[in-house]
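Raw start-v2.cif, mmCIF, C-alpha atoms:
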data_structure
#
loop_
_atom_site.label_atom_id
_atom_site.label_comp_id
_atom_site.auth_asym_id
_atom_site.auth_seq_id
_atom_site.Cartn_x
_atom_site.Cartn_y
_atom_site.Cartn_z
CA MET J 1100 -154.58 336.23 54.37
CA ASN J 1101 -154.45 332.86 56.19
CA ASP J 1102 -156.54 332.55 59.32
CA THR J 1103 -154.83 329.40 60.48
CA VAL J 1104 -151.32 328.18 61.14
CA VAL J 1105 -150.62 324.58 60.21
CA VAL J 1106 -148.66 322.86 62.96
CA THR J 1107 -147.21 319.39 62.68
CA GLU J 1108 -144.80 319.47 65.61
CA PHE J 1109 -144.54 321.34 68.88
CA TRP J 1110 -142.89 321.08 72.29
CA ARG J 1111 -144.55 320.70 75.62
CA VAL J 1112 -143.48 320.42 79.25
CA GLY J 1113 -145.81 317.95 80.90
CA ARG J 1114 -146.18 315.56 83.76
CA ARG J 1115 -143.79 312.63 83.68
CA ALA J 1116 -146.48 309.94 83.87
CA ASP J 1117 -148.44 311.17 80.86
CA PRO J 1118 -147.23 314.45 79.38
CA LEU J 1119 -150.11 314.71 76.89
CA ARG J 1120 -152.91 314.14 79.39
CA VAL J 1121 -155.08 317.14 80.17
CA LEU J 1122 -158.49 317.09 81.84
CA ALA J 1123 -160.99 319.88 81.32
CA GLU J 1124 -162.49 319.51 84.80
CA TYR J 1125 -159.14 320.35 86.40
CA GLN J 1126 -158.57 323.39 84.18
CA GLY J 1127 -160.01 326.88 84.41
CA ALA J 1128 -157.06 329.04 85.41
CA GLY J 1129 -155.02 328.75 82.21
CA ARG J 1130 -154.75 331.51 79.65
CA PHE J 1131 -156.90 329.90 76.94
CA ASP J 1132 -158.83 327.37 79.03
CA ASP J 1133 -162.39 326.60 78.03
CA PRO J 1134 -164.55 328.82 80.26
CA GLU J 1135 -167.16 326.07 80.40
CA ARG J 1136 -164.56 323.42 81.31
CA LEU J 1137 -165.90 320.97 78.74
CA ILE J 1138 -162.99 320.88 76.33
CA ALA J 1139 -159.44 320.48 77.66
CA VAL J 1140 -156.65 322.66 76.32
CA LEU J 1141 -153.17 321.23 75.78
CA TYR J 1142 -150.54 323.96 75.86
CA GLY J 1143 -147.21 323.88 74.07
CA ALA J 1144 -144.89 325.98 71.95
CA PRO J 1145 -142.92 325.66 68.74
CA THR J 1146 -139.68 325.65 70.76
CA LEU J 1147 -138.64 324.05 74.03
CA ARG J 1148 -137.14 327.40 75.07
CA THR J 1149 -140.55 329.06 75.00
CA CYS J 1150 -142.13 326.20 76.99
CA LEU J 1151 -139.46 326.57 79.67
CA LEU J 1152 -139.68 330.36 79.76
CA GLU J 1153 -143.48 330.23 80.09
CA PHE J 1154 -143.07 327.73 82.93
CA LEU J 1155 -140.38 329.69 84.77
CA LEU J 1156 -141.58 333.27 84.22
CA PRO J 1157 -143.33 333.59 87.62
CA TRP J 1158 -139.94 333.23 89.35
CA LYS J 1159 -138.14 335.97 87.43
CA ALA J 1160 -137.48 338.74 89.92
CA ALA J 1161 -139.88 341.64 89.51
CA PRO J 1162 -138.21 345.07 89.20
CA GLY J 1163 -139.25 346.00 92.75
CA ALA J 1164 -138.40 342.68 94.38
CA ASN J 1165 -134.99 343.64 95.75
CA ALA J 1166 -136.29 346.90 97.20
CA VAL J 1167 -138.98 345.01 99.12
CA LEU J 1168 -136.71 342.26 100.43
CA ALA J 1169 -133.87 344.62 101.35
CA ALA J 1170 -136.04 346.95 103.46
CA ILE J 1171 -134.59 345.56 106.69
CA PRO J 1172 -134.79 348.02 109.59
CA GLU J 1173 -132.07 348.55 112.20
CA PRO J 1174 -132.73 346.17 115.10
CA THR J 1175 -133.46 347.70 118.50
CA ASN J 1176 -132.97 344.55 120.57
CA GLU J 1177 -131.55 341.05 120.40
CA THR J 1178 -134.72 339.39 119.05
CA GLU J 1179 -134.95 341.87 116.22
CA ALA J 1180 -131.26 341.33 115.47
CA VAL J 1181 -131.87 337.59 115.06
CA ASP J 1182 -134.85 338.30 112.80
CA ALA J 1183 -132.81 340.81 110.79
CA ALA J 1184 -130.12 338.19 110.20
CA ARG J 1185 -132.77 335.84 108.79
CA ASP J 1186 -134.12 338.68 106.62
CA HIS J 1187 -130.63 339.30 105.23
CA ALA J 1188 -130.22 335.60 104.42
CA LEU J 1189 -133.54 335.56 102.56
CA ALA J 1190 -132.73 338.79 100.69
CA ILE J 1191 -129.49 337.43 99.26
CA GLU J 1192 -130.73 333.90 98.60
CA ALA J 1193 -130.33 332.98 94.93
CA ARG J 1194 -133.54 332.69 92.96
CA ARG J 1195 -133.71 329.15 91.68
CA VAL J 1196 -135.61 327.04 89.19
CA PRO J 1197 -138.43 325.47 91.24
CA PRO J 1198 -138.01 321.72 91.86
CA MET J 1199 -141.43 321.04 90.31
CA LEU J 1200 -139.90 321.54 86.86
CA TYR J 1201 -137.64 318.54 87.42
CA ASP J 1202 -140.71 316.35 87.99
CA ARG J 1203 -141.77 317.14 84.44
CA VAL J 1204 -140.57 315.96 81.04
CA ALA J 1205 -140.06 317.90 77.85
CA VAL J 1206 -141.69 316.21 74.90
CA GLN J 1207 -141.70 316.93 71.22
CA VAL J 1208 -145.14 316.14 69.90
CA ARG J 1209 -146.07 315.24 66.33
CA ALA J 1210 -149.59 315.79 65.05
CA ASP J 1211 -150.75 313.59 62.17
CA PRO J 1212 -152.86 314.86 60.53
CA ALA J 1213 -151.46 318.35 61.01
CA LEU J 1214 -153.31 320.78 63.27
CA ALA J 1215 -155.01 323.86 61.87
CA LEU J 1216 -154.69 326.44 64.67
CA LEU J 1217 -156.49 329.76 64.57
CA ASP J 1218 -153.87 332.48 64.23
CA LEU J 1219 -154.61 335.04 66.93
CA ARG J 1220 -151.71 337.12 65.64
CA SER J 1221 -153.78 337.91 62.56
CA VAL J 1222 -155.54 341.27 62.64
CA SER J 1223 -158.45 340.02 60.52
CA VAL J 1224 -159.03 337.10 62.90
CA ARG J 1225 -159.05 339.41 65.91
CA LEU J 1226 -161.43 341.82 64.19
CA ARG J 1227 -163.88 339.00 63.55
CA LEU J 1228 -163.57 337.66 67.10
CA ALA J 1229 -164.21 341.12 68.51
CA GLN J 1230 -167.60 341.12 66.78
CA ALA J 1231 -168.80 338.29 69.02
CA PRO J 1232 -171.03 339.82 71.71
CA ALA J 1233 -169.27 337.92 74.51
CA VAL J 1234 -165.84 339.16 73.43
CA ALA J 1235 -167.13 342.71 72.90
CA HIS J 1236 -168.59 342.61 76.42
CA GLU J 1237 -165.29 341.49 77.97
CA LEU J 1238 -163.35 344.13 76.03
CA CYS J 1239 -165.70 346.76 77.37
CA CYS J 1240 -165.46 345.39 80.93
CA TRP J 1241 -161.67 345.54 80.94
CA GLY J 1242 -161.39 348.87 79.15
CA PHE J 1243 -159.94 347.67 75.86
CA ALA J 1244 -160.98 349.55 72.73
CA GLN J 1245 -160.30 346.56 70.51
CA LEU J 1246 -159.03 343.02 70.54
CA ASP J 1247 -155.44 343.90 69.81
CA ARG J 1248 -152.19 342.15 70.75
CA GLY J 1249 -152.08 343.96 74.08
CA ALA J 1250 -155.55 342.76 75.02
CA LEU J 1251 -154.59 339.15 74.30
CA LEU J 1252 -151.36 339.48 76.29
CA ALA J 1253 -153.09 341.17 79.23
CA PRO J 1254 -153.52 339.15 82.42
CA GLN J 1255 -157.32 339.14 82.31
CA ARG J 1256 -158.19 335.45 82.00
CA ALA J 1257 -161.87 336.23 81.47
CA LEU J 1258 -161.06 337.88 78.15
CA THR J 1259 -158.72 335.26 76.69
CA GLN J 1260 -160.94 332.43 77.91
CA THR J 1261 -163.97 334.10 76.33
CA VAL J 1262 -162.06 334.12 73.04
CA THR J 1263 -161.58 330.37 73.46
CA GLY J 1264 -165.28 329.93 74.21
CA VAL J 1265 -166.25 331.86 71.07
CA VAL J 1266 -163.84 329.84 68.93
CA LEU J 1267 -165.16 326.59 70.40
CA ARG J 1268 -168.86 327.41 70.24
CA GLY J 1269 -169.37 330.53 68.18
CA GLU J 1270 -170.34 330.71 64.55
CA ILE J 1271 -167.90 333.47 63.76
CA ILE J 1272 -164.94 331.22 63.12
CA SER J 1273 -164.96 327.94 61.18
CA PRO J 1274 -163.86 324.94 63.23
CA VAL J 1275 -160.16 324.78 64.09
CA ASP J 1276 -158.02 322.42 66.17
CA GLY J 1277 -156.86 325.09 68.58
CA LEU J 1278 -155.21 328.47 68.89
CA PHE J 1279 -151.85 329.91 67.91
CA ALA J 1280 -150.97 333.01 69.91
CA GLU J 1281 -148.10 335.15 71.08
CA SER J 1282 -146.28 334.00 74.19
CA ARG J 1283 -146.10 336.36 77.18
CA HIS J 1284 -142.31 336.31 76.91
CA ASP J 1285 -141.63 336.24 73.19
CA ASP J 1286 -142.13 333.73 70.40
CA ASP J 1287 -145.48 331.91 70.15
CA VAL J 1288 -147.56 329.31 71.97
CA VAL J 1289 -150.02 326.68 70.83
CA ALA J 1290 -153.23 325.69 72.57
CA VAL J 1291 -154.73 322.47 71.23
CA PHE J 1292 -158.35 321.51 71.96
CA VAL J 1293 -158.83 317.99 73.33
CA GLY J 1294 -162.09 316.23 74.09
CA GLY J 1295 -165.60 316.08 72.69
CA LEU J 1296 -165.41 316.50 68.93
CA TYR J 1297 -161.76 317.39 69.21
CA ALA J 1298 -159.55 314.32 68.97
CA PRO J 1299 -156.14 315.40 67.72
CA GLN J 1300 -153.86 312.53 66.78
CA LEU J 1301 -150.76 313.33 68.81
CA ALA J 1302 -147.66 311.23 69.37
CA VAL J 1303 -144.55 311.88 71.43
CA VAL J 1304 -141.51 311.70 69.17
CA VAL J 1305 -138.87 312.93 71.63
CA SER J 1306 -139.00 312.79 75.40
CA GLU J 1307 -136.33 314.42 77.53
CA SER J 1308 -135.93 314.31 81.29
CA LEU J 1309 -135.47 317.76 82.74
CA THR J 1310 -132.44 318.07 85.00
CA PRO J 1311 -130.40 321.01 86.31
CA THR J 1312 -127.70 320.16 83.76
CA HIS J 1313 -130.05 320.15 80.76
CA SER J 1314 -128.67 322.76 78.36
CA SER J 1315 -132.10 324.25 77.58
CA ILE J 1316 -132.83 324.69 81.27
CA ILE J 1317 -129.49 326.36 81.89
CA LEU J 1318 -130.14 328.79 79.02
CA ALA J 1319 -133.73 329.55 80.09
CA ALA J 1320 -132.69 329.95 83.73
CA ASN J 1321 -129.86 332.31 82.75
CA GLU J 1322 -132.24 334.34 80.64
CA LEU J 1323 -134.52 334.85 83.64
CA GLY J 1324 -131.77 335.32 86.22
CA LEU J 1325 -132.40 332.02 87.98
CA ALA J 1326 -129.98 329.39 89.20
CA PRO J 1327 -130.70 325.92 87.76
CA MET H 527 -134.81 324.66 101.34
CA ALA H 528 -136.53 321.37 102.05
CA PRO H 529 -139.11 321.20 104.84
CA CYS H 530 -137.67 319.76 108.05
CA ALA H 531 -138.15 316.11 108.94
CA ALA H 532 -140.96 316.93 111.30
CA ALA H 533 -142.83 318.66 108.52
CA ARG H 534 -142.83 315.47 106.47
CA LYS H 535 -144.69 313.52 109.12
CA PRO H 536 -148.23 312.66 108.08
CA LEU H 537 -150.75 315.02 109.60
CA SER H 538 -153.16 312.55 111.16
CA SER H 539 -154.40 315.25 113.49
CA THR H 540 -153.71 318.80 114.45
CA ARG H 541 -152.26 317.56 117.71
CA GLY H 542 -149.80 315.31 115.86
CA PHE H 543 -148.74 318.21 113.78
CA ARG H 544 -148.14 320.41 116.79
CA GLU H 545 -146.08 317.69 118.48
CA ALA H 546 -144.00 317.42 115.34
CA LEU H 547 -143.44 321.15 115.47
CA CYS H 548 -142.24 320.99 119.05
CA GLU H 549 -139.74 318.29 118.10
CA ALA H 550 -138.33 320.44 115.42
CA GLN H 551 -138.23 323.60 117.57
CA MET H 552 -139.36 325.59 114.56
CA ILE H 553 -142.52 326.46 112.75
CA ALA H 554 -142.35 324.17 109.75
CA THR H 555 -144.38 324.53 106.60
CA PRO H 556 -147.40 322.23 106.96
CA VAL H 557 -147.30 319.38 104.46
CA LEU H 558 -150.54 318.83 102.58
CA GLU H 559 -152.06 315.49 101.79
CA ARG H 560 -152.27 314.57 98.13
CA THR H 561 -155.20 316.26 96.44
CA GLU H 562 -156.70 315.84 92.98
CA THR H 563 -157.46 319.41 92.02
CA ALA H 564 -155.96 322.82 92.56
CA ASP H 565 -159.09 323.96 94.40
CA GLU H 566 -158.82 321.05 96.86
CA LEU H 567 -155.17 321.86 97.43
CA LEU H 568 -155.93 325.50 98.17
CA ARG H 569 -158.73 324.48 100.55
CA ALA H 570 -156.35 322.12 102.38
CA ALA H 571 -153.76 324.90 102.63
CA HIS H 572 -156.42 327.26 103.93
CA ARG H 573 -157.33 324.77 106.67
CA GLN H 574 -153.69 324.38 107.70
CA ALA H 575 -153.16 328.14 107.77
CA TYR H 576 -156.12 328.57 110.12
CA LEU H 577 -154.91 325.75 112.40
CA LEU H 578 -151.76 327.69 113.24
CA SER H 579 -151.94 329.74 116.42
CA GLU H 580 -151.26 333.46 116.05
CA THR H 581 -147.74 333.09 117.45
CA ASP H 582 -146.96 330.11 115.21
CA LEU H 583 -148.40 331.90 112.21
CA ILE H 584 -146.10 334.89 112.59
CA GLY H 585 -143.12 332.72 113.49
CA TYR H 586 -143.67 330.61 110.40
CA LEU H 587 -144.11 333.55 108.03
CA LYS H 588 -141.09 335.32 109.53
CA ARG H 589 -138.93 332.28 108.84
CA VAL H 590 -140.07 331.53 105.29
CA LEU H 591 -140.84 334.97 103.88
CA GLY H 592 -138.88 337.36 106.07
CA ARG H 593 -140.19 340.43 107.87
CA PRO H 594 -139.76 342.92 104.97
CA LEU H 595 -142.09 340.94 102.71
CA ILE H 596 -144.65 340.51 105.51
CA ALA H 597 -144.46 344.23 106.29
CA HIS H 598 -144.88 345.09 102.61
CA VAL H 599 -147.99 342.96 102.17
CA THR H 600 -149.58 344.14 105.41
CA GLU H 601 -148.67 347.80 104.72
CA THR H 602 -146.68 347.98 107.95
CA ALA H 603 -144.17 350.82 107.89
CA ASP H 604 -141.61 349.30 110.28
CA ALA H 605 -140.70 345.64 109.73
CA ASN H 606 -139.54 345.50 113.38
CA ASN H 607 -143.25 345.50 114.22
CA VAL H 608 -143.42 341.94 112.88
CA SER H 609 -140.93 340.91 115.58
CA ARG H 610 -143.06 342.73 118.15
CA TRP H 611 -146.17 340.80 117.01
CA ALA H 612 -144.22 337.55 117.31
CA SER H 613 -143.07 338.33 120.86
CA GLY H 614 -146.52 339.57 121.93
CA ARG H 615 -145.29 343.13 122.60
CA ALA H 616 -147.69 344.43 119.95
CA ARG H 617 -150.75 343.12 118.24
CA PRO H 618 -151.83 343.76 114.65
CA ASP H 619 -155.41 344.60 113.81
CA ARG H 620 -157.90 342.16 112.33
CA ALA H 621 -157.28 343.16 108.69
CA VAL H 622 -153.59 342.42 109.14
CA TRP H 623 -154.37 339.00 110.63
CA GLU H 624 -156.44 338.19 107.55
CA ARG H 625 -153.58 339.14 105.26
CA LEU H 626 -151.20 337.01 107.32
CA ARG H 627 -153.54 334.02 107.01
CA THR H 628 -153.80 334.63 103.26
CA LEU H 629 -150.01 334.75 102.97
CA ALA H 630 -149.72 331.51 104.93
CA THR H 631 -152.42 329.80 102.84
CA LEU H 632 -150.66 330.72 99.64
CA HIS H 633 -147.20 329.76 100.87
CA ILE H 634 -148.36 326.38 102.20
CA ALA H 635 -150.08 325.66 98.87
CA LEU H 636 -147.12 326.90 96.81
CA THR H 637 -144.67 324.80 98.79
CA ALA H 638 -146.78 321.73 98.03
CA ILE H 639 -147.04 322.68 94.35
CA VAL H 640 -143.46 323.68 93.59
CA GLY H 641 -141.69 321.37 96.04
CA SER H 642 -139.61 323.92 97.92
CA GLU H 643 -140.20 326.50 100.63
CA SER H 644 -137.81 329.00 99.10
CA SER H 645 -139.29 328.72 95.59
CA GLY H 646 -142.72 329.13 97.17
CA ALA H 647 -141.50 332.29 98.90
CA GLN H 648 -139.73 333.68 95.82
CA TRP H 649 -142.94 333.36 93.81
CA PHE H 650 -144.34 336.30 95.81
CA THR H 651 -141.70 338.65 94.40
CA GLY H 652 -141.66 337.30 90.86
CA ALA H 653 -142.83 339.18 87.76
CA ASN H 654 -145.97 337.12 87.33
CA PRO H 655 -147.37 337.00 83.77
CA ASN H 656 -150.80 336.08 85.17
CA LEU H 657 -150.80 339.38 87.05
CA GLY H 658 -149.59 341.58 84.23
CA PHE H 659 -145.96 341.01 85.32
CA LYS H 660 -146.66 342.53 88.72
CA MET H 661 -145.50 340.94 91.96
CA PRO H 662 -148.08 338.81 93.79
CA ALA H 663 -146.88 340.66 96.92
CA ASP H 664 -147.95 343.99 95.41
CA GLU H 665 -151.34 342.61 94.44
CA LEU H 666 -151.91 341.25 97.96
CA ARG H 667 -150.87 344.59 99.41
CA ALA H 668 -153.44 346.28 97.15
CA GLY H 669 -156.09 343.84 98.38
CA ASN H 670 -156.38 342.03 95.03
CA VAL H 671 -156.47 338.56 96.53
CA ALA H 672 -158.56 336.72 93.91
CA PRO H 673 -156.15 337.18 90.98
CA VAL H 674 -153.26 335.97 93.15
CA PHE H 675 -155.15 332.80 94.04
CA ALA H 676 -155.99 332.35 90.36
CA ALA H 677 -152.28 332.61 89.52
CA ALA H 678 -151.49 329.97 92.15
CA ARG H 679 -154.25 327.78 90.75
CA ASP H 680 -152.76 328.11 87.27
CA LEU H 681 -149.44 326.90 88.65
CA ALA H 682 -151.07 323.90 90.30
CA GLN H 683 -152.73 322.67 87.14
CA ARG H 684 -149.53 322.67 85.04
#

Would you mind writing the file out in structure tokens?
Amino acid sequence: MNDTVVVTEFWRVGRRADPLRVLAEYQGAGRFDDPERLIAVLYGAPTLRTCLLEFLLPWKAAPGANAVLAAIPEPTNETEAVDAARDHALAIEARRVPPMLYDRVAVQVRADPALALLDLRSVSVRLRLAQAPAVAHELCCWGFAQLDRGALLAPQRALTQTVTGVVLRGEIISPVDGLFAESRHDDDVVAVFVGGLYAPQLAVVVSESLTPTHSSIILAANELGLAP
Amino acid sequence: MAPCAAARKPLSSTRGFREALCEAQMIATPVLERTETADELLRAAHRQAYLLSETDLIGYLKRVLGRPLIAHVTETADANNVSRWASGRARPDRAVWERLRTLATLHIALTAIVGSESSGAQWFTGANPNLGFKMPADELRAGNVAPVFAAARDLAQR
């Protein structure tokens, strides 16, 4: 069974000035960031749709959102009536794509030579990673019996970042260019290591401005119940 | 919703900011100076949140988040109490003040990150993948402040 996925092209949503620039010292909160902040991690996905969905997911209404916002009590005086009117306006306001997305660009990136990314979807890879003491410790801390798909999709950054640390510095896995994992929505994501011994040769082959009329944004926004 | 014109004025001093607020006759979202890192941005937002007087703090949160969301996060049964805090007819306890300051810190930072007050507010009721698809508002209500700040930090470094 293959431990790696060979990737030659992927999509990324990045900053307009330099969409491929990532700095390890400014990272630390991302899913597969280096816990020691020495190696930067460039995130992307095989499809632009996945990049956009990953970007926009925090604005998708949670199941209990409407119940919270609509809990407007009957006013007992004029001041409360004014406040209640504002509450109603906020409760019915359309959820929109945040303007920050339109400051970004979508780029298709080509890697030459191709990237060999560790396939975290592979059971055998996860079994080997789980043998690393640091990973085993995190699994125990967070109450996971094993490093399964659920553990990697869970919100605990300490666990996923420890996996990155083991891949970067451990002796369990032979050197790879990054990680290939399941996205939190669906589809997959790529995390490419940049810096130190990691110098992937990446070039932008397609660059697209992101606007409210961009077809991919309209589709992603519709999927998440947002207005572009 | 874009911040009002007064909110875009540079904040050379707290006094300048307060004068700008008076001009606008509303409690605008403080605009943060440009920062390099997410941590600096959150620290700047924290400073601005603590510069707001108690009345301004509640007035601001009421306008941008609405009373139901404030009541939810502060575990206040009747959202009309938020109006009573704003008018001075009632006073929340210290733990509630801390949650209000936390809400303001996050909203000020989010507005600077995402570029819109309403998107900053809607983030609190989103299904956040960094929080196991829970709402940041629920996590704040449960007192889990650190993961919510981590989720905001993740947003800032994108």

| field | Length of the CA of Pro1197 (chain J) to CA of Phe675 (chain H) vector [Å] | value | 18.5 Å

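Nearest-residue note for Trp1158 (chain J): choosing from J:Pro1254, J:Gly1113, J:Gly1294, J:Pro1198, the minimum distance belongs to J:Pro1198, counting all atoms listed in the file.
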
| Can you tell me, as a PyMOL selection string, what residues are no more than 12 Å from Ile1317 (chain J) when counting only C-alpha atoms, ignoring any on the same chain fewer than 2 positions away? | chain J and resi 1148+1151-1152+1155+1195-1196+1309-1315+1319-1327

| task | Evaluate the PyMOL selection byres ((chain J) within 8 of (chain H)) here and jot the selected residues down as an MDAnalysis selection string. | result | chainID J and resid 1113:1114 1125:1129 1156:1164 1167:1172 1174 1178:1179 1182:1183 1185:1186 1189 1194:1200 1253:1255 1283

| Nearest residue to Gly1242 (chain J) from the set J:Val1303, J:Leu1267, J:Leu1258, J:Ala1210 (distances using all atoms listed in the file) |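 Among the listed residues, J:Leu1258 lies closest to Gly1242 (chain J).
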
| field | Two-atom distance - CA of Val1293 (chain J), CA of Ala1235 (chain J) (Å) | value |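 Spanning CA of Val1293 (chain J) to CA of Ala1235 (chain J) is a straight-line distance of 26.1 Å.
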
| task | Determine the residue set returned by the PyMOL selection byres ((chain H and resi 574) around 12) for the present structure, and present it as number ranges by chain. | result | H: 537, 539-540, 543-544, 554-559, 567-573, 575-579, 582-583, 627-635

| request: Can you give me, as a PyMOL selection string, the residues this file yields under the PyMOL selection byres ((chain J and resi 1302) around 10)? | output: chain J and resi 1108+1119+1206-1211+1299-1301+1303-1305

| By how many Å are CA of Leu1226 (chain J) and CA of Gln1245 (chain J) apart? |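 Computed distance, CA of Leu1226 (chain J) to CA of Gln1245 (chain J), equals 8.0 Å.
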
| said: I'd like to know which of H:Leu626, H:Ile553, H:Val674, H:Leu636 is closest to Thr602 (chain H), using all atoms listed in the file. | reply: H:Leu626

| message | So, with only C-alpha atoms as the atoms that count, which of J:Glu1153, J:Asp1247, J:Asp1117, J:Glu1173 lies closest to Asp1285 (chain J)? | response |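 Checking each of J:Glu1153, J:Asp1247, J:Asp1117, J:Glu1173 against Asp1285 (chain J), counting only C-alpha atoms, the winner is J:Glu1153.
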
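Residues in contact range of Asp1102 (chain J), defined as at most 9 Å between only C-alpha atoms, with sequence neighbours fewer than 5 positions away removed, read Leu1216, Leu1217, Asp1218, Leu1219, Ser1221, Ser1223 and Val1224 of chain J.
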
| said: Excluding Leu1147 (chain J) and its own-chain neighbours fewer than 2 positions away, which residues fall within 6 Å of it when counting only C-alpha atoms? Please give them as a list of chain:residue names. | reply: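 Within the cut-off, the hits are J:Trp1110, J:Thr1149, J:Cys1150.
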
Atoms kept (C-alpha atoms) for selection, written as a short mmCIF file (atom, residue, chain, number, x, y, z; two decimals), in the frame of the given file:
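What landed in out16.cif:
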data_model
loop_
_atom_site.label_atom_id
_atom_site.label_comp_id
_atom_site.auth_asym_id
_atom_site.auth_seq_id
_atom_site.Cartn_x
_atom_site.Cartn_y
_atom_site.Cartn_z
CA TRP J 1110 -142.89 321.08 72.29
CA THR J 1149 -140.55 329.06 75.00
CA CYS J 1150 -142.13 326.20 76.99
#

Reconstruct region 666-677 of chain H at the level of N, CA and C atoms, and format the result as a PDB file, keeping the file's coordinate frame.
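Result file result_17.pdb:
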ATOM      1  N   LEU H 666    -151.355 341.539  96.621  1.00  0.00           N
ATOM      2  CA  LEU H 666    -151.910 341.250  97.960  1.00  0.00           C
ATOM      3  C   LEU H 666    -151.956 342.528  98.784  1.00  0.00           C
ATOM      4  N   ARG H 667    -150.909 343.316  98.672  1.00  0.00           N
ATOM      5  CA  ARG H 667    -150.870 344.590  99.410  1.00  0.00           C
ATOM      6  C   ARG H 667    -152.035 345.490  98.992  1.00  0.00           C
ATOM      7  N   ALA H 668    -152.347 345.438  97.668  1.00  0.00           N
ATOM      8  CA  ALA H 668    -153.440 346.280  97.150  1.00  0.00           C
ATOM      9  C   ALA H 668    -154.808 345.660  97.443  1.00  0.00           C
ATOM     10  N   GLY H 669    -154.816 344.483  98.050  1.00  0.00           N
ATOM     11  CA  GLY H 669    -156.090 343.840  98.380  1.00  0.00           C
ATOM     12  C   GLY H 669    -156.675 343.016  97.251  1.00  0.00           C
ATOM     13  N   ASN H 670    -155.895 342.825  96.175  1.00  0.00           N
ATOM     14  CA  ASN H 670    -156.380 342.030  95.030  1.00  0.00           C
ATOM     15  C   ASN H 670    -156.046 340.556  95.256  1.00  0.00           C
ATOM     16  N   VAL H 671    -156.792 339.929  96.117  1.00  0.00           N
ATOM     17  CA  VAL H 671    -156.470 338.560  96.530  1.00  0.00           C
ATOM     18  C   VAL H 671    -156.876 337.546  95.459  1.00  0.00           C
ATOM     19  N   ALA H 672    -158.045 337.726  94.853  1.00  0.00           N
ATOM     20  CA  ALA H 672    -158.560 336.720  93.910  1.00  0.00           C
ATOM     21  C   ALA H 672    -157.612 336.443  92.740  1.00  0.00           C
ATOM     22  N   PRO H 673    -157.055 337.484  92.086  1.00  0.00           N
ATOM     23  CA  PRO H 673    -156.150 337.180  90.980  1.00  0.00           C
ATOM     24  C   PRO H 673    -154.900 336.423  91.426  1.00  0.00           C
ATOM     25  N   VAL H 674    -154.463 336.668  92.651  1.00  0.00           N
ATOM     26  CA  VAL H 674    -153.260 335.970  93.150  1.00  0.00           C
ATOM     27  C   VAL H 674    -153.584 334.484  93.349  1.00  0.00           C
ATOM     28  N   PHE H 675    -154.752 334.208  93.900  1.00  0.00           N
ATOM     29  CA  PHE H 675    -155.150 332.800  94.040  1.00  0.00           C
ATOM     30  C   PHE H 675    -155.319 332.149  92.673  1.00  0.00           C
ATOM     31  N   ALA H 676    -155.830 332.903  91.709  1.00  0.00           N
ATOM     32  CA  ALA H 676    -155.990 332.350  90.360  1.00  0.00           C
ATOM     33  C   ALA H 676    -154.623 332.015  89.761  1.00  0.00           C
ATOM     34  N   ALA H 677    -153.640 332.880  90.030  1.00  0.00           N
ATOM     35  CA  ALA H 677    -152.280 332.610  89.520  1.00  0.00           C
ATOM     36  C   ALA H 677    -151.702 331.361  90.169  1.00  0.00           C
TER      37      ALA H 677
END
